[in-house]
Amino acid sequence: MMWKLSAEQFRDRIFDVLGRKQHWSTAHFNGSDVTKEQLNVHFRQEYAVYIRDFAVLLARIVGKNPPWQIRRHLATTIYEEETGRLSLG
């Protein structure tokens with residue numbers, strides 16, 4: 001049986017799950033095992049994979065034709081991600 005959660009309940013449950021999550025690399029990043037050069041490479045790769053392509057992911061969701069309110073929010077977010085003009089002026 002599925003229960004409908006309020007937005008607050010859903011947020012709290014998600015944060016609870018994220019708070020328990022332990023990634024295998026955390027100890028390496030927090031310790032002295034990883035050099036600054038390795039971190040530089042890692043974060044450049046993270047940018048290329050996750051940040052740069054985020055607007056493309058959102059555009060694909062828009063292409064699935066969700067309700068107009070969602071499309072509008074996604075379009076605004078895509079514009080912001082691509083230009084920075086909403087938050088940076």
# chains A, B, ... in the order shown; residues from 1 in each chain; ligands from 1
$ select_by_dssp --residues "chain A" --states "helix (DSSP H, G or I)" --output "number ranges by chain"
A: 7-20, 26-30, 36-51, 54-63, 68-83, 85-88
$ residues_around --residues "range 39-52 of chain A" --least-positions-apart "2" --cutoff "12 Å" --atoms "only C-alpha atoms" --output "PyMOL selection string"
chain A and resi 25+28-30+32-37+54-58+78+81-82
$ atom_distance --atom1 "CA of Ser6 in chain A" --atom2 "CA of Pro66 in chain A"
20.9 Å
$ atom_distance --atom1 "CA of His23 in chain A" --atom2 "CA of Asp53 in chain A"
22.6 Å
$ closest_residue --among "A:Lys21, A:Ala59, A:Gln38, A:Arg13" --to "Thr76 in chain A" --atoms "only C-alpha atoms"
A:Ala59
$ atom_distance --atom1 "CA of Arg71 in chain A" --atom2 "CA of Ser87 in chain A"
19.6 Å
$ decode --residues "range 4-66 of chain A" --atoms "C-alpha atoms" --output "short mmCIF file (atom, residue, chain, number, x, y, z; two decimals), in the first residue's frame"
data_model
loop_
_atom_site.label_atom_id
_atom_site.label_comp_id
_atom_site.auth_asym_id
_atom_site.auth_seq_id
_atom_site.Cartn_x
_atom_site.Cartn_y
_atom_site.Cartn_z
CA LYS A 4 0.70 10.06 -0.03
CA LEU A 5 3.33 12.17 1.70
CA SER A 6 3.19 15.88 2.16
CA ALA A 7 6.03 17.86 0.58
CA GLU A 8 7.57 18.31 4.03
CA GLN A 9 7.36 14.58 4.83
CA PHE A 10 8.89 13.70 1.46
CA ARG A 11 11.74 16.20 1.96
CA ASP A 12 12.41 14.87 5.46
CA ARG A 13 12.56 11.27 4.21
CA ILE A 14 14.90 12.16 1.36
CA PHE A 15 17.23 14.06 3.71
CA ASP A 16 17.16 11.10 6.09
CA VAL A 17 18.26 8.74 3.32
CA LEU A 18 20.97 11.14 2.15
CA GLY A 19 22.20 11.56 5.71
CA ARG A 20 22.75 7.80 6.04
CA LYS A 21 24.49 7.42 2.70
CA GLN A 22 28.17 6.50 2.91
CA HIS A 23 30.12 6.73 -0.34
CA TRP A 24 33.24 4.59 -0.65
CA SER A 25 35.38 7.58 -1.64
CA THR A 26 34.53 9.82 1.33
CA ALA A 27 37.39 8.55 3.49
CA HIS A 28 39.85 9.10 0.64
CA PHE A 29 38.70 12.66 0.01
CA ASN A 30 38.71 13.55 3.69
CA GLY A 31 42.10 11.97 4.35
CA SER A 32 45.51 12.62 2.88
CA ASP A 33 45.36 9.84 0.27
CA VAL A 34 44.28 12.13 -2.57
CA THR A 35 46.55 14.87 -3.88
CA LYS A 36 45.37 18.30 -5.01
CA GLU A 37 46.21 17.34 -8.58
CA GLN A 38 44.00 14.24 -8.32
CA LEU A 39 41.18 16.32 -6.86
CA ASN A 40 41.55 18.77 -9.72
CA VAL A 41 41.17 15.97 -12.28
CA HIS A 42 38.24 14.48 -10.37
CA PHE A 43 36.29 17.73 -10.11
CA ARG A 44 36.92 18.59 -13.75
CA GLN A 45 35.45 15.21 -14.68
CA GLU A 46 32.51 15.77 -12.32
CA TYR A 47 31.84 19.10 -14.02
CA ALA A 48 31.97 17.54 -17.48
CA VAL A 49 29.63 14.70 -16.56
CA TYR A 50 27.11 16.30 -14.20
CA ILE A 51 27.16 20.09 -14.32
CA ARG A 52 27.69 20.74 -18.02
CA ASP A 53 25.03 18.26 -19.15
CA PHE A 54 22.41 19.17 -16.53
CA ALA A 55 20.54 21.53 -18.87
CA VAL A 56 20.47 18.80 -21.53
CA LEU A 57 18.90 16.41 -19.03
CA LEU A 58 16.24 18.99 -18.17
CA ALA A 59 15.53 19.60 -21.86
CA ARG A 60 14.96 15.88 -22.35
CA ILE A 61 12.41 15.95 -19.55
CA VAL A 62 10.65 18.89 -21.23
CA GLY A 63 10.55 16.78 -24.40
CA LYS A 64 8.43 14.20 -22.57
CA ASN A 65 5.70 16.88 -22.39
CA PRO A 66 4.94 17.12 -18.66
#
